[in-house]
Amino acid sequence: MQITNSAVGRKLLMAITGQLMVLFVIVHMLGNSSIFLGANGINAYAKHLHDLPPLVWAFRFSMLAFILVHAWFGIQVSVENSAATPKKYSVQKHLRATLSSKSMIWTGVIIALFVIYHLLHFTVHAIPGVVTGVDAIGRFDVYTMVVNAFQSGLVPVIYIAAMIAVFLHLSHGVGSFFQTLGWNNANTLPKISNTSRGFSFVLLLGYIAIPVVILAGILK
Amino acid sequence: MSDHKTMTLTLIVWRQKGPNDPGKFETYTAKGITEHHSFLEMLDVVNEDLIKEGKDPIAFDHDCREGICGMCSQVVNGVPHGGQERTTVCQLHMRTFKDGDTIYIEPWRARAFPVTRDLIVDRSGLDNIIQAGGYTSCHTGGVADGNALLIPKEIADYAMDAAECIGCGACVASCPNSSAMLFTGAKVAQLAALPQGKAEAAVRVCAMTDALKESGFGNCSNHYECEAACPKGISVKFIARLNREYQKALLK
Amino acid sequence: MILDGKCPTGPIEQTWDKHRFDLKLVNPANKRKYKVIVVGTGLAGGAAAASLGELGYNVEAFCYQDSPRRAHSIAAQGGINAAKNYPNDGDSVYRLFYDTIKGGDFRAREADVWRLAQVSNNIIDQCVAQGVPFARDYAGYLDNRSFGGAQVSRTFFARGQTGQQLLLGAYSALARQIKAGTVKMFPRTEMLDLIVVDGEAKGITVRDLVTGELRTHVADAVVLATGGYVNVFYLSTNAMGCSVTASWKAHRKGAFFANPCYTQIHPTCIPQAGEYQSKLTLMSESLRNDGRCWVPKKKEDLGKKPSEIAEEDRDYYLERKYPSFGNLAPRDIASRAAKEQCDDGRGVGPGGRGVYLDFSSSIKRLSEDTIRERYGNLFEMYERITADNAYKTPMRIYPAPHYSMGGLWVDYNCMSNIPGLFVLGEANFSVHGANRLGASALMQGLADGYFVIPYTIGGYLAQTKPGKVAADHPECKKSIEEVQAYNNKLLSINGKRTVTDFMRELGSLMWENCGMARTKESLEENIKKIPALREEFWQNVKVTGSGAELNQQLENAGRTADFFEFAELLCRDAHHRNESCGGHFRAEYQSEDGEAQRDDANYCYVGAWEFKGVDKEPELHKEPLKFENVHLAVRSYK
């Protein structure tokens, strides 16, 4: 028996890596929210993070590993699953499967593409038009970069769309984690599923609050 | 004896001569159907007419016609067994339809279930999964007294809930991934819960899930479509149990 | 010919042990050289194939379903008897033996029944070891209930799905042997002939139901576990595919058919709803533990809703006629009583063919929840079929053909009069006499499969050389040609009536004239009409398609053709047996109060028929029955 070859083993690996990334998504949202404290808040937060380079890199490498494992098996099982279902019904009616559960591979791909874009945008600063500079006390000015990016145009749309993909992906993914690990029973299963959707919605609100607030001109 | 009211229905039925035939839909009319006809008795009526016209009747699997043998296997309007809760298609009665309805009838569709003819598919993949480990390796004779190991009622009931599976394959047919994880999970959970099955639990869960993959079934991605389609209402909690048993096996 | 059952002699308690010792053994190293064919994978066949495979024989198993897990044993609801005496209520091997002999109306062999009662306890242990989730109490002990008229609680059960769970147990044991390579499984394969070489059964001819290919399989012994024949009534509780074909083919090759007239009509089935109906559904007999059977006393009340009929206007006929057993009277008695009420014009529902099974007093006494806990799945099933809620209104039930006590004649070793042909479970005639008790069918199937055939087949094989007949034996070729010709004939008739149409007509003749009650005249009518209808069948049946493909019409046509021949034999057997016993009720032979009257002086024997040709009268052979331990008595349940 090989975990990387098993129908259950791979699911387990995906669930665990997925859930670790969800932890990051939570922390990242909380960190981002420091933007509501103004330039001082988020710039200070960014500086604190970057003052610990070994940690940053360890973190980055592990995230990369999670993404690769999660994506590799995600693609592999999706290919297998569609091969296992060569012909669809001409009348197709789903009783329990949701848009979110059925679109995991596509929301996954969208998220992966977005992560690349997002890194190029705010980490590597390779996307044209990104404003990089330092604030009054010489810190990297995250605040201006973000506010500038989200004030108009396609960028906030891309971010909001991506966050909807994250919402859909996690709506199914977070609840699935508990099923895959077997941390549930017949009573808790529906509750966990609903909580998972609610939790993902809160994340969605948390994330899109930033571009929305900036678009609305509240943060300048 | 039958009711005066009868229905006329349009059936759009999948016809396929054999595994290599591409197959196509044919349209038939079912006349004189009452609310007391079962779905298969309605098809019997259509078939009798076809035979009299010298045409090949629609081939479909069926045997006990009381919802327990698991032989019947039809997707009715996109739902395996027709979508009445806890009901196999042989027990589905025509009172759930109304005069003038159009009904689509298709076989189970999955790579692991190639069509044998019309609505009949080959479900030997499910047997392969059981053969991989869906048993306790006890010998005939020479076993302990039935009361030697006590099994509290809750455990016996839990095992019975899992053991109700009739092996029809509706879970596979309904699954967007054509996975047989509910079928496998039910057997793994039943035997893992009982003291008689515990000894082999680790070997069993690995062997059965590997056989699932080898037989061409897809992977489970927790759509829970299977639970909704299962004519015995088998809970996906048994898949969770399988997942737990797999983790225990990893630690061994 | 006087047949010899080869029963061991001596004190009955020691017969089986002594016999097991006397049986010759096959050297373990030689077992794999012996090939055994097992036809049918229900409780008897599945258990036999698994056990023989495990012993080391080279087994080939066949079933017509797509998986061995679907045999009709799966539909048994109520339970399985065993003489464990866990409840300490006075049960014993002896009592189970006694009850089975008496329940069978003294028409079964004592030694066979003793063995059944003796191994019954091993069956429970075996099934528990396989992981069968029998009902248990909170402390974890196996639970028992009283069932089918027994006055002790000896029935083990797994919800209302005991047959399913036991079959899945046997199937899992079989799956294990298939995996181990000792059993080769051939699903969707139907046996269409028995190959007999030099008077011994050495193989079978089968049709692959998917490709239509005809093949022979040769072996050193053939085991038939192919179930019962009550689909001869067309409407029965059997599965659609259940047929007499395998047994009948063996009968045509010389195997004697014993007591075909012993058919069991189950009292609690859902009544027929219309002409189109394809089968009848059984509601577990356990319902009679809490349900009360009644019909209106007055015919004027027939149009009323049951709730509108006052308590004093209801005739609780079972309680009235059988005060001590009441609603728990044995099956044959309860069925006949229901028929009497309907014949008297007091039957309820469409066609006046139904009686009420009322749970209202139990619901009042115990609460609806208790009833739901006990029978929830049955009530659900009833509602699915009839759209009636039985918690609110009484169920309507009517008897339906359910089980066949008769079958191929076998000796104590379960071997037929053809050496090398063994017959197990419902397919043989051995232990139920003229009537089977509730929860005893599962017991017999598993007893034969797990604990009888593994011993007795060795006794035969030890005296025969392995591989005596090769696959290219002329008998094999001949058999294939005959089957081919038979199928071609069915396909070439191209008449006007469908197979189902013929089967429906045959079934109705059988039900009307040879059903719950038979008379000399009704049987003579059938003996005249059946051959005429058979003649028409062979002239006017329409079977479409070809033999070289999956063709369900051809399968049904073959089975129906066999039923036609068999039905005549059944009627002849019923006609010759001038007595009433168990499931065989001849209206001429009843006491003043309508009870079955046996004639022990003249009919205390097994009637085994020898096939002489389709249009020739069969020859009757008798095996006298001796009762040395249970004294012949009038079977009374008053």
# chains A, B, ... in the order shown; residues from 1 in each chain; ligands from 1
>>> select_by_dssp(residues="range 43-162 of chain B", states="helix (DSSP H, G or I)", output="number ranges by chain")
B: 43-52, 94-96, 124-133, 153-162
>>> residues_around(residues="Ser38 in chain B", least_positions_apart="6", cutoff="7 Å", atoms="only C-alpha atoms", output="PyMOL selection string")
chain B and resi 90-94
>>> interface_residues(of="chain C", to="chain B", cutoff="6 Å", atoms="only C-alpha atoms", output="list in words")
Arg70, Asp125, Val128, Ala129, Gln130, Pro133, Arg136, Asp137, Tyr138, Ala139, Gly140, Tyr141, Ser172, Ala175, Arg176, Lys179, Ala239, Met240, Gly241, Gly274 and Pro350 of chain C
>>> select_by_dssp(residues="range 9-236 of chain B", states="strand (DSSP E)", output="JSON, numbers by chain")
{"B": [9, 10, 11, 12, 13, 14, 15, 24, 25, 26, 27, 28, 29, 30, 31, 32, 33, 75, 76, 79, 80, 102, 103, 104, 105, 106, 115, 116, 117, 120, 121]}
>>> atom_distance(atom1="CA of Phe429 in chain C", atom2="CA of Tyr98 in chain C")
18.0 Å
>>> closest_atom_pairs(of="chain B", to="chain A", cutoff="7 Å", atoms="only C-alpha atoms", output="JSON lines")
{"residue": "B:Asn77", "atom": "CA", "partner": "A:Val91", "partner_atom": "CA", "distance": 5.9}
{"residue": "B:Gly78", "atom": "CA", "partner": "A:Gln92", "partner_atom": "CA", "distance": 4.6}
{"residue": "B:Val79", "atom": "CA", "partner": "A:Lys93", "partner_atom": "CA", "distance": 6.2}
{"residue": "B:Arg109", "atom": "CA", "partner": "A:Lys87", "partner_atom": "CA", "distance": 6.5}
{"residue": "B:Ala110", "atom": "CA", "partner": "A:Thr85", "partner_atom": "CA", "distance": 4.9}
{"residue": "B:Arg111", "atom": "CA", "partner": "A:Ala84", "partner_atom": "CA", "distance": 5.0}
{"residue": "B:Ala112", "atom": "CA", "partner": "A:Ala84", "partner_atom": "CA", "distance": 6.9}
{"residue": "B:Asn177", "atom": "CA", "partner": "A:Asn81", "partner_atom": "CA", "distance": 4.7}
{"residue": "B:Ser178", "atom": "CA", "partner": "A:Thr85", "partner_atom": "CA", "distance": 5.8}
{"residue": "B:Cys206", "atom": "CA", "partner": "A:Met1", "partner_atom": "CA", "distance": 6.5}
{"residue": "B:Thr209", "atom": "CA", "partner": "A:Ala7", "partner_atom": "CA", "distance": 6.3}
{"residue": "B:Asp210", "atom": "CA", "partner": "A:Ser6", "partner_atom": "CA", "distance": 6.2}
{"residue": "B:Lys213", "atom": "CA", "partner": "A:Ala7", "partner_atom": "CA", "distance": 6.5}
{"residue": "B:Gly216", "atom": "CA", "partner": "A:Ala84", "partner_atom": "CA", "distance": 6.2}
{"residue": "B:Phe217", "atom": "CA", "partner": "A:Ala84", "partner_atom": "CA", "distance": 5.7}
{"residue": "B:Gly218", "atom": "CA", "partner": "A:Asn81", "partner_atom": "CA", "distance": 4.6}
{"residue": "B:Asn219", "atom": "CA", "partner": "A:Ala7", "partner_atom": "CA", "distance": 5.7}
{"residue": "B:Asn222", "atom": "CA", "partner": "A:Ser176", "partner_atom": "CA", "distance": 6.2}
{"residue": "B:His223", "atom": "CA", "partner": "A:Ala97", "partner_atom": "CA", "distance": 4.7}
{"residue": "B:Tyr224", "atom": "CA", "partner": "A:Arg96", "partner_atom": "CA", "distance": 6.0}
{"residue": "B:Glu225", "atom": "CA", "partner": "A:Arg96", "partner_atom": "CA", "distance": 5.0}
{"residue": "B:Ala228", "atom": "CA", "partner": "A:Leu95", "partner_atom": "CA", "distance": 6.3}
{"residue": "B:Lys237", "atom": "CA", "partner": "A:Ala186", "partner_atom": "CA", "distance": 5.5}
{"residue": "B:Ala240", "atom": "CA", "partner": "A:Gly182", "partner_atom": "CA", "distance": 4.2}
{"residue": "B:Arg241", "atom": "CA", "partner": "A:Gly182", "partner_atom": "CA", "distance": 5.9}
{"residue": "B:Asn243", "atom": "CA", "partner": "A:Gly182", "partner_atom": "CA", "distance": 5.7}
{"residue": "B:Arg244", "atom": "CA", "partner": "A:Gly182", "partner_atom": "CA", "distance": 5.2}
>>> write_last_selection(atoms="C-alpha atoms", output="CSV table (one decimal), in the first residue's frame")
chain,number,residue,atom,x,y,z
B,77,ASN,CA,-34.9,11.3,-15.2
B,78,GLY,CA,-31.3,11.7,-14.1
B,79,VAL,CA,-31.5,10.0,-10.8
B,109,ARG,CA,-23.1,5.2,-16.4
B,110,ALA,CA,-19.5,4.6,-15.2
B,111,ARG,CA,-16.3,3.3,-16.8
B,112,ALA,CA,-16.3,0.6,-14.2
B,177,ASN,CA,-16.7,10.8,-10.1
B,178,SER,CA,-18.1,7.3,-10.4
B,206,CYS,CA,-6.1,-0.9,2.1
B,209,THR,CA,-9.6,0.8,-1.5
B,210,ASP,CA,-6.9,-0.4,-3.8
B,213,LYS,CA,-9.1,2.0,-7.8
B,216,GLY,CA,-11.8,1.6,-12.6
B,217,PHE,CA,-13.9,3.5,-10.1
B,218,GLY,CA,-13.2,7.2,-9.4
B,219,ASN,CA,-12.1,8.8,-6.2
B,222,ASN,CA,-17.3,14.2,-0.8
B,223,HIS,CA,-20.2,15.3,-3.0
B,224,TYR,CA,-22.5,13.0,-0.9
B,225,GLU,CA,-24.5,12.4,-4.0
B,228,ALA,CA,-29.0,10.9,-1.5
B,237,LYS,CA,-20.5,8.6,7.9
B,240,ALA,CA,-15.6,8.8,7.2
B,241,ARG,CA,-15.2,5.6,9.1
B,243,ASN,CA,-11.0,7.2,6.2
B,244,ARG,CA,-10.4,6.7,9.9
>>> atom_distance(atom1="CA of Val142 in chain A", atom2="CA of Asn40 in chain A")
9.6 Å
>>> residues_around(residues="range 75-87 of chain C", least_positions_apart="3", cutoff="6 Å", atoms="only C-alpha atoms", output="list in words")
His72, Asp91, Ser92, Val93, Ser120, Asn121, Arg154, Thr155, Phe156, Phe157, Gly160, Gln161, Thr162, Gly163, Ser284, Ala439, Ser440, Leu442 and Met443 of chain C
>>> residues_around(residues="Leu64 in chain A", least_positions_apart="6", cutoff="10 Å", atoms="only C-alpha atoms", output="list in words")
Met21, Ala58 and His70 of chain A
>>> residues_around(residues="Ala71 in chain C", least_positions_apart="5", cutoff="10 Å", atoms="only C-alpha atoms", output="list in words")
Asp63, Cys64, Cys69 and Met71 of chain B; Gly40, Thr41, Gly42, Leu43, Gly45, Gly46, Cys63, Tyr64, Gln65, Asp66, Gly163, Gln164, Leu167, Leu168, Tyr171, Thr226, Gly227, Ala239, Gly241 and Cys242 of chain C
>>> atom_distance(atom1="CA of Asp501 in chain C", atom2="CA of Ile103 in chain B")
26.2 Å
